[in-house]
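Peer 1: One file: coords-v8.cif (mmCIF, C-alpha atoms).
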```cif
data_final
loop_
_atom_site.label_atom_id
_atom_site.label_comp_id
_atom_site.auth_asym_id
_atom_site.auth_seq_id
_atom_site.Cartn_x
_atom_site.Cartn_y
_atom_site.Cartn_z
CA MET J 1 31.77 -12.78 -2.93
CA SER J 2 28.36 -12.15 -4.35
CA ASP J 3 26.01 -9.34 -3.57
CA THR J 4 22.40 -9.99 -2.68
CA VAL J 5 19.87 -8.12 -4.76
CA ARG J 6 16.09 -8.02 -4.65
CA ILE J 7 14.37 -7.80 -8.01
CA THR J 8 10.71 -7.11 -8.72
CA ARG J 9 8.72 -8.32 -11.70
CA THR J 10 5.21 -7.11 -12.49
CA VAL J 11 2.44 -9.16 -14.05
CA ARG J 12 -1.18 -8.26 -14.63
CA PHE J 13 -4.47 -10.07 -14.80
CA SER J 14 -8.10 -9.01 -14.93
CA ALA J 15 -10.69 -10.77 -12.83
CA ALA J 16 -14.08 -10.41 -11.21
CA HIS J 17 -14.74 -10.83 -7.54
CA ARG J 18 -17.32 -10.27 -4.87
CA TYR J 19 -16.83 -9.69 -1.17
CA HIS J 20 -19.17 -12.06 0.60
CA SER J 21 -18.77 -14.42 3.54
CA ASP J 22 -21.19 -17.27 4.19
CA ARG J 23 -20.34 -16.86 7.86
CA LEU J 24 -22.05 -13.45 7.96
CA SER J 25 -25.72 -12.61 7.51
CA ASP J 26 -26.76 -10.75 4.36
CA GLU J 27 -27.13 -7.62 6.40
CA GLU J 28 -23.68 -7.99 7.97
CA ASN J 29 -22.16 -8.64 4.55
CA ARG J 30 -23.67 -5.43 3.24
CA ARG J 31 -22.52 -3.46 6.26
CA VAL J 32 -18.93 -4.75 6.21
CA PHE J 33 -18.35 -4.84 2.46
CA GLY J 34 -20.68 -2.14 1.15
CA LYS J 35 -20.92 -2.01 -2.65
CA CYS J 36 -18.31 -4.76 -2.91
CA ASN J 37 -20.99 -7.18 -1.66
CA ARG J 38 -23.37 -6.66 -4.59
CA PRO J 39 -24.45 -10.09 -5.86
CA HIS J 40 -23.10 -9.95 -9.40
CA GLY J 41 -19.64 -8.84 -8.37
CA HIS J 42 -17.32 -6.43 -10.10
CA GLY J 43 -13.83 -6.54 -11.52
CA HIS J 44 -10.36 -5.11 -11.42
CA ASP J 45 -7.28 -4.95 -13.57
CA TYR J 46 -4.98 -6.41 -10.99
CA ARG J 47 -1.28 -5.73 -10.93
CA VAL J 48 1.02 -8.07 -9.05
CA ASP J 49 4.58 -7.09 -8.10
CA VAL J 50 6.65 -10.12 -7.20
CA GLY J 51 9.96 -9.64 -5.41
CA VAL J 52 12.63 -12.33 -5.35
CA VAL J 53 15.95 -12.10 -3.60
CA GLY J 54 19.27 -13.81 -3.93
CA PRO J 55 22.92 -13.50 -4.84
CA VAL J 56 23.83 -12.12 -8.23
CA ASP J 57 25.28 -14.94 -10.31
CA PRO J 58 28.87 -13.94 -11.03
CA VAL J 59 28.70 -15.21 -14.61
CA THR J 60 25.22 -14.23 -15.81
CA GLY J 61 24.86 -11.14 -13.63
CA MET J 62 21.34 -12.21 -12.73
CA VAL J 63 19.53 -13.14 -9.51
CA MET J 64 17.14 -15.25 -11.55
CA ASN J 65 16.60 -15.68 -15.25
CA LEU J 66 13.58 -13.49 -15.96
CA ALA J 67 12.30 -15.98 -18.51
CA ASP J 68 12.08 -18.57 -15.72
CA LEU J 69 10.40 -16.08 -13.40
CA ASP J 70 7.92 -15.11 -16.11
CA ALA J 71 7.16 -18.77 -16.78
CA VAL J 72 6.42 -19.39 -13.09
CA LEU J 73 4.19 -16.33 -12.83
CA LYS J 74 2.35 -17.15 -16.03
CA GLU J 75 1.69 -20.76 -15.11
CA HIS J 76 0.81 -20.27 -11.45
CA VAL J 77 -0.74 -16.79 -11.29
CA VAL J 78 -1.84 -15.27 -14.58
CA GLU J 79 -3.27 -18.30 -16.36
CA PRO J 80 -5.35 -19.58 -13.43
CA LEU J 81 -6.70 -16.15 -12.44
CA ASP J 82 -6.95 -14.06 -15.61
CA HIS J 83 -10.49 -13.38 -16.78
CA GLY J 84 -11.99 -15.54 -14.07
CA PHE J 85 -14.57 -14.84 -11.40
CA LEU J 86 -12.35 -15.48 -8.39
CA ASN J 87 -15.15 -16.59 -6.05
CA TYR J 88 -16.40 -19.28 -8.43
CA ASP J 89 -13.47 -20.18 -10.66
CA VAL J 90 -10.75 -20.49 -8.00
CA GLU J 91 -11.38 -23.21 -5.43
CA HIS J 92 -9.44 -21.41 -2.70
CA PHE J 93 -11.84 -18.47 -2.87
CA ALA J 94 -14.95 -20.62 -2.50
CA SER J 95 -14.46 -20.34 1.27
CA VAL J 96 -12.03 -17.41 1.55
CA VAL J 97 -13.17 -13.88 0.66
CA PRO J 98 -11.04 -12.70 -2.30
CA THR J 99 -9.98 -9.44 -0.70
CA CYS J 100 -6.82 -7.75 -1.83
CA GLU J 101 -5.19 -9.05 1.38
CA ASN J 102 -6.20 -12.65 0.74
CA ILE J 103 -5.18 -12.52 -2.92
CA ALA J 104 -1.70 -11.38 -1.86
CA LEU J 105 -1.43 -14.27 0.62
CA TYR J 106 -2.72 -16.69 -2.01
CA VAL J 107 -0.17 -15.57 -4.60
CA VAL J 108 2.59 -16.11 -2.01
CA ASP J 109 1.35 -19.68 -1.52
CA LEU J 110 1.06 -20.28 -5.28
CA ILE J 111 4.61 -19.32 -6.18
CA THR J 112 6.80 -20.01 -3.13
CA GLU J 113 7.42 -23.64 -4.02
CA PRO J 114 7.80 -23.23 -7.79
CA LEU J 115 10.44 -20.57 -7.13
CA GLU J 116 12.23 -22.87 -4.68
CA HIS J 117 12.70 -25.32 -7.55
CA PHE J 118 14.94 -22.69 -9.07
CA GLY J 119 16.68 -22.14 -5.73
CA ILE J 120 15.04 -18.72 -5.48
CA ARG J 121 13.62 -17.15 -2.36
CA LEU J 122 10.39 -15.18 -2.62
CA ALA J 123 10.85 -11.82 -0.89
CA GLY J 124 7.38 -10.37 -1.16
CA VAL J 125 4.18 -9.94 -3.13
CA ARG J 126 2.23 -6.74 -3.68
CA VAL J 127 -1.23 -6.90 -5.21
CA TRP J 128 -2.73 -3.70 -6.63
CA GLU J 129 -6.50 -3.59 -6.98
CA GLY J 130 -6.27 -0.17 -8.60
CA ASN J 131 -4.03 2.87 -8.43
CA ASP J 132 -5.23 3.75 -4.94
CA LEU J 133 -5.14 0.44 -3.09
CA TYR J 134 -2.65 -2.35 -2.66
CA ALA J 135 -1.95 -5.15 -0.19
CA GLU J 136 1.49 -6.59 0.36
CA VAL J 137 3.16 -9.47 2.12
CA ASP J 138 6.80 -8.84 2.93
CA LEU J 139 8.52 -12.13 3.72
CA GLU J 140 11.88 -10.51 4.38
CA GLU J 141 10.55 -8.18 7.05
CA SER J 142 8.66 -10.76 9.08
CA GLY J 143 11.62 -13.11 8.88
CA SER J 144 9.35 -16.07 8.20
CA MET R 145 -1.09 -16.05 11.03
CA ARG R 146 0.56 -13.83 8.46
CA THR R 147 0.66 -10.10 8.50
CA VAL R 148 -0.45 -8.16 5.44
CA ARG R 149 0.20 -4.48 4.80
CA LEU R 150 -2.52 -2.47 3.14
CA THR R 151 -1.90 0.86 1.46
CA ARG R 152 -4.59 3.27 0.41
CA ARG R 153 -4.11 6.60 -1.37
CA TYR R 154 -5.81 9.87 -0.50
CA ARG R 155 -5.60 13.24 -2.21
CA PHE R 156 -6.03 16.89 -1.39
CA GLU R 157 -4.95 20.26 -2.75
CA ALA R 158 -3.41 22.84 -0.48
CA ALA R 159 -1.27 25.96 -0.37
CA HIS R 160 1.94 26.40 1.56
CA ARG R 161 5.06 28.46 1.77
CA LEU R 162 8.43 27.46 3.16
CA VAL R 163 9.83 30.02 5.58
CA VAL R 164 11.41 29.91 9.00
CA SER R 165 9.65 32.55 11.05
CA GLY R 166 12.17 35.05 12.32
CA TYR R 167 14.53 34.57 9.38
CA THR R 168 15.00 37.40 6.91
CA PRO R 169 13.62 36.99 3.36
CA GLU R 170 17.24 36.63 2.21
CA GLN R 171 17.92 33.82 4.68
CA ASN R 172 14.73 32.03 3.67
CA TRP R 173 15.59 32.45 -0.01
CA GLU R 174 19.00 30.98 0.70
CA ILE R 175 17.39 27.83 2.18
CA TYR R 176 14.11 27.41 0.28
CA GLY R 177 14.50 29.43 -2.94
CA LYS R 178 11.24 29.88 -4.87
CA CYS R 179 9.35 27.93 -2.21
CA SER R 180 9.75 30.93 0.11
CA ARG R 181 8.06 33.48 -2.18
CA GLU R 182 5.66 35.68 -0.29
CA GLY R 183 2.40 34.69 -1.97
CA GLY R 184 2.95 30.99 -1.40
CA HIS R 185 2.05 28.22 -3.86
CA GLY R 186 0.22 24.92 -3.84
CA HIS R 187 0.44 21.23 -4.56
CA ASN R 188 -1.83 18.34 -5.43
CA TYR R 189 -0.81 16.24 -2.47
CA GLU R 190 -1.14 12.48 -2.50
CA ILE R 191 -0.99 10.65 0.82
CA ASP R 192 -0.38 6.90 0.98
CA VAL R 193 -1.42 5.48 4.32
CA THR R 194 -0.16 1.99 5.14
CA VAL R 195 -1.56 -0.18 7.92
CA ALA R 196 -0.52 -3.69 8.87
CA GLY R 197 -2.29 -6.56 10.53
CA VAL R 198 -3.54 -10.10 10.20
CA PRO R 199 -6.59 -10.23 7.91
CA ASP R 200 -9.77 -11.03 9.82
CA PRO R 201 -10.43 -14.77 9.35
CA VAL R 202 -14.05 -14.16 8.34
CA THR R 203 -13.96 -10.95 6.32
CA GLY R 204 -10.43 -11.29 4.91
CA LEU R 205 -9.82 -7.62 5.67
CA VAL R 206 -6.96 -6.05 7.59
CA ILE R 207 -9.28 -3.09 8.02
CA GLU R 208 -12.69 -2.15 6.65
CA ARG R 209 -12.10 0.35 3.85
CA GLU R 210 -14.87 2.66 5.00
CA ARG R 211 -13.43 2.84 8.51
CA MET R 212 -9.98 3.64 7.17
CA ASP R 213 -11.39 6.29 4.85
CA ARG R 214 -13.32 7.89 7.68
CA ILE R 215 -10.21 8.11 9.86
CA VAL R 216 -7.95 9.56 7.20
CA GLU R 217 -10.56 11.94 5.82
CA GLU R 218 -11.45 13.28 9.27
CA ARG R 219 -7.91 13.54 10.58
CA VAL R 220 -6.00 14.63 7.49
CA VAL R 221 -7.93 15.34 4.30
CA ASP R 222 -10.72 17.48 5.74
CA ARG R 223 -8.26 19.47 7.82
CA CYS R 224 -5.96 20.25 4.90
CA ASP R 225 -7.97 20.22 1.66
CA HIS R 226 -8.07 23.64 -0.01
CA ARG R 227 -6.42 25.30 2.94
CA ASP R 228 -3.14 27.04 3.61
CA LEU R 229 -1.01 24.44 5.37
CA ASN R 230 0.95 27.19 7.12
CA ASP R 231 -2.32 28.12 8.89
CA VAL R 232 -3.26 24.52 9.63
CA ILE R 233 0.19 23.59 10.94
CA PRO R 234 1.68 26.83 12.26
CA ASP R 235 4.30 25.27 14.55
CA VAL R 236 6.62 23.79 11.94
CA VAL R 237 7.80 24.61 8.43
CA THR R 238 5.44 22.80 6.05
CA THR R 239 8.10 20.81 4.24
CA GLY R 240 7.22 17.36 2.96
CA GLU R 241 9.32 15.92 5.77
CA ASN R 242 7.36 17.73 8.47
CA LEU R 243 3.99 17.02 6.84
CA ALA R 244 4.75 13.29 6.80
CA VAL R 245 5.68 13.39 10.50
CA VAL R 246 2.64 15.49 11.46
CA TYR R 247 0.17 13.33 9.52
CA HIS R 248 1.73 10.24 11.07
CA GLN R 249 1.13 11.75 14.52
CA TRP R 250 -2.44 12.67 13.62
CA LEU R 251 -3.20 9.14 12.46
CA GLU R 252 -1.18 6.90 14.73
CA ASP R 253 -3.55 6.61 17.69
CA ALA R 254 -6.56 6.00 15.43
CA PHE R 255 -5.14 2.67 14.27
CA THR R 256 -4.80 0.93 17.60
CA GLY R 257 -5.69 -2.49 16.34
CA PRO R 258 -6.00 -4.93 14.93
CA ALA R 259 -4.59 -2.85 12.07
CA ARG R 260 -1.81 -0.50 13.11
CA LEU R 261 -0.23 2.36 11.24
CA VAL R 262 3.15 1.55 9.75
CA ARG R 263 3.83 4.35 7.27
CA VAL R 264 2.60 7.66 5.95
CA ARG R 265 3.98 8.63 2.54
CA VAL R 266 3.49 12.19 1.31
CA HIS R 267 3.82 12.85 -2.40
CA GLU R 268 4.35 16.60 -2.67
CA THR R 269 4.96 16.30 -6.40
CA ALA R 270 5.71 13.32 -8.62
CA ARG R 271 9.39 13.87 -7.79
CA ASN R 272 9.26 14.65 -4.08
CA VAL R 273 8.16 11.81 -1.82
CA PHE R 274 8.50 11.68 1.97
CA ASP R 275 8.00 8.72 4.30
CA ALA R 276 7.31 8.76 8.01
CA VAL R 277 7.66 5.21 9.27
CA SER R 278 6.39 3.85 12.57
CA LEU R 279 8.93 2.49 15.00
CA PRO R 280 8.69 -1.26 15.52
CA PRO R 281 6.25 -2.10 18.36
CA SER R 282 8.01 -2.25 21.72
CA ARG R 283 7.73 -5.47 23.66
#
```
Translate this structure into structure tokens?
Peer 2:
Amino acid sequence: MSDTVRITRTVRFSAAHRYHSDRLSDEENRRVFGKCNRPHGHGHDYRVDVGVVGPVDPVTGMVMNLADLDAVLKEHVVEPLDHGFLNYDVEHFASVVPTCENIALYVVDLITEPLEHFGIRLAGVRVWEGNDLYAEVDLEESGS
Amino acid sequence: MRTVRLTRRYRFEAAHRLVVSGYTPEQNWEIYGKCSREGGHGHNYEIDVTVAGVPDPVTGLVIERERMDRIVEERVVDRCDHRDLNDVIPDVVTTGENLAVVYHQWLEDAFTGPARLVRVRVHETARNVFDAVSLPPSR
């Protein structure tokens, strides 16, 4: 018998971004995105909460070794994104607007498979742009 | 297409007092203690509003921030900021529980799609937090 527990680890990175879609006119971009559309971009100290879920190992008492989780998050999230300009330095965001929503979805895609190598299921990702705004993907709730 | 939840925080300051109308001061003291004192008191309320939807394929947004701000400011913040909540919401006791439910009602029909309201969280203080959660959509 082992209990299932969901644990959450937080990592942080700082990055610049700009909200702009090539599929909208300049005027539409300004209307939809407001100040976030300004050409030279702006930045945030992002916080990412990563939830993983699984049975508690009866010997170690852990769902996942946090050193392994940290290594995955460092390699796949922090190192590629930290101190970058997301629109220009991250290929995915050349064509996808790096909104808080899309960053959360992207982080899910970055870490799902690396976590599976450890037999660990990703439960959700929450991306904080600041203290007053976050976007989250809950993989447990949607059942996907 | 994957659903993303977006949460945005709003703030206002307001007075309130916890009393059941018709109860004696002793009865109210029994239930609410200091919160029932005659002169009332206030809080720096923080309201987390959560909406869910599939991000627009072009803009990448579940909802435009300005639109969300306009809705919440008009329907909640402007109605409550620097007011006595017992005047604003006279029908129920202005507990955190009831405020969460009332704000949820005030907001629900403004988020008809593509983003829909899933939760209103009222922080009365750093220690008292109340959630009113939308029922799952009926089929």
Peer 1: Do a neighbour search on Pro280 of chain R at 12 Å with all atoms listed in the file, toss out local chain neighbours closer than 4 positions, and write the hits as a list in words.
Peer 2: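 Here the answer would be Glu141 and Ser142 of chain J; Ala196, Arg260, Leu261, Val262 and Arg263 of chain R.
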Peer 1: Please determine, counting all atoms listed in the file, which residue among J:Thr99, J:Thr4, J:Thr112, J:Asn131 has the shortest atom-to-atom distance to Thr203 of chain R.
Peer 2: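 Checking each of J:Thr99, J:Thr4, J:Thr112, J:Asn131 against Thr203 of chain R, counting all atoms listed in the file, the winner is J:Thr99.
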Peer 1: Restrict the calculation to all atoms listed in the file, then for each residue of chain R with any atom at most 7 Å from an atom of chain J give the closest atom pair and their distance in Å to one decimal, rows by chain and rising residue number, as a tab-separated table.
Peer 2:
```
residue	atom	partner	partner_atom	distance
R:Thr147	CA	J:Val137	CA	6.9
R:Val148	CA	J:Val137	CA	5.1
R:Arg149	CA	J:Glu136	CA	5.1
R:Leu150	CA	J:Ala135	CA	4.3
R:Thr151	CA	J:Tyr134	CA	5.3
R:Arg152	CA	J:Leu133	CA	4.5
R:Arg153	CA	J:Asp132	CA	4.7
R:Pro199	CA	J:Glu101	CA	6.8
R:Val202	CA	J:Ser21	CA	6.7
R:Thr203	CA	J:Val97	CA	6.4
R:Gly204	CA	J:Val97	CA	5.7
R:Leu205	CA	J:Glu101	CA	6.5
R:Glu208	CA	J:Val32	CA	6.8
```
Peer 1: Mind giving me the straight-line distance from atom CA of Glu157 of chain R to atom CA of His185 of chain R in Å, one decimal?
Peer 2: 10.7 Å
Peer 1: Can you tell me how far atom CA of Glu116 of chain J sits from atom CA of Gly54 of chain J, in Å to one decimal?
Peer 2: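 The value is 11.5 Å.
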Peer 1: Give me the result of the PyMOL selection byres ((chain J and resi 45) around 10) on this file, residue by residue, as number ranges by chain.
Peer 2: J: 12-16, 43-44, 46-48, 82-83, 128-131
Peer 1: Suppose we keep C-alpha atoms; can you now write the selection as an mmCIF file, in the frame of the given file?
Peer 2:
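Output below, filename out-v2.cif:
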```
data_model
loop_
_atom_site.group_PDB
_atom_site.id
_atom_site.type_symbol
_atom_site.label_atom_id
_atom_site.label_comp_id
_atom_site.auth_asym_id
_atom_site.auth_seq_id
_atom_site.Cartn_x
_atom_site.Cartn_y
_atom_site.Cartn_z
ATOM 1 C CA ARG J 12 -1.180 -8.260 -14.630
ATOM 2 C CA PHE J 13 -4.470 -10.070 -14.800
ATOM 3 C CA SER J 14 -8.100 -9.010 -14.930
ATOM 4 C CA ALA J 15 -10.690 -10.770 -12.830
ATOM 5 C CA ALA J 16 -14.080 -10.410 -11.210
ATOM 6 C CA GLY J 43 -13.830 -6.540 -11.520
ATOM 7 C CA HIS J 44 -10.360 -5.110 -11.420
ATOM 8 C CA TYR J 46 -4.980 -6.410 -10.990
ATOM 9 C CA ARG J 47 -1.280 -5.730 -10.930
ATOM 10 C CA VAL J 48 1.020 -8.070 -9.050
ATOM 11 C CA ASP J 82 -6.950 -14.060 -15.610
ATOM 12 C CA HIS J 83 -10.490 -13.380 -16.780
ATOM 13 C CA TRP J 128 -2.730 -3.700 -6.630
ATOM 14 C CA GLU J 129 -6.500 -3.590 -6.980
ATOM 15 C CA GLY J 130 -6.270 -0.170 -8.600
ATOM 16 C CA ASN J 131 -4.030 2.870 -8.430
#
```
Peer 1: Please, which residues are within 8 Å of (1.2, 6.5, 9.6) by the file's coordinates, counting all atoms listed in the file, and could they come as a list of chain:residue names?
Peer 2: R:Val193, R:Thr194, R:Val195, R:Tyr247, R:His248, R:Gln249, R:Leu251, R:Glu252, R:Leu261, R:Val262, R:Arg263, R:Val264, R:Arg265, R:Ala276, R:Val277, R:Ser278
Peer 1: As a check of understanding, name the residues that the PyMOL selection byres ((chain R and resi 182) around 12) selects in the supplied structure, as JSON, numbers by chain.
Peer 2: {"R": [159, 160, 161, 162, 163, 168, 169, 170, 172, 173, 176, 177, 178, 179, 180, 181, 183, 184, 185]}
Peer 1: Please expand the PyMOL selection byres ((chain J and resi 52) around 9) into the concrete residues it hits in this file, giving the result as a PyMOL selection string.
Peer 2: chain J and resi 5-9+50-51+53-54+63-64+115+120-124
Peer 1: Write the residues of the selection above to a file with C-alpha atoms, as a PDB file, in the frame of the given file.
Peer 2:
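Listing of selection-v7.pdb after writing:
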```
ATOM      1  CA  VAL J   5      19.870  -8.120  -4.760  1.00  0.00           C
ATOM      2  CA  ARG J   6      16.090  -8.020  -4.650  1.00  0.00           C
ATOM      3  CA  ILE J   7      14.370  -7.800  -8.010  1.00  0.00           C
ATOM      4  CA  THR J   8      10.710  -7.110  -8.720  1.00  0.00           C
ATOM      5  CA  ARG J   9       8.720  -8.320 -11.700  1.00  0.00           C
ATOM      6  CA  VAL J  50       6.650 -10.120  -7.200  1.00  0.00           C
ATOM      7  CA  GLY J  51       9.960  -9.640  -5.410  1.00  0.00           C
ATOM      8  CA  VAL J  53      15.950 -12.100  -3.600  1.00  0.00           C
ATOM      9  CA  GLY J  54      19.270 -13.810  -3.930  1.00  0.00           C
ATOM     10  CA  VAL J  63      19.530 -13.140  -9.510  1.00  0.00           C
ATOM     11  CA  MET J  64      17.140 -15.250 -11.550  1.00  0.00           C
ATOM     12  CA  LEU J 115      10.440 -20.570  -7.130  1.00  0.00           C
ATOM     13  CA  ILE J 120      15.040 -18.720  -5.480  1.00  0.00           C
ATOM     14  CA  ARG J 121      13.620 -17.150  -2.360  1.00  0.00           C
ATOM     15  CA  LEU J 122      10.390 -15.180  -2.620  1.00  0.00           C
ATOM     16  CA  ALA J 123      10.850 -11.820  -0.890  1.00  0.00           C
ATOM     17  CA  GLY J 124       7.380 -10.370  -1.160  1.00  0.00           C
TER      18      GLY J 124
END
```
Peer 1: Atom CA of Ala94 of chain J to atom CA of Gly197 of chain R: how many Å, to one decimal?
Peer 2: 23.0 Å
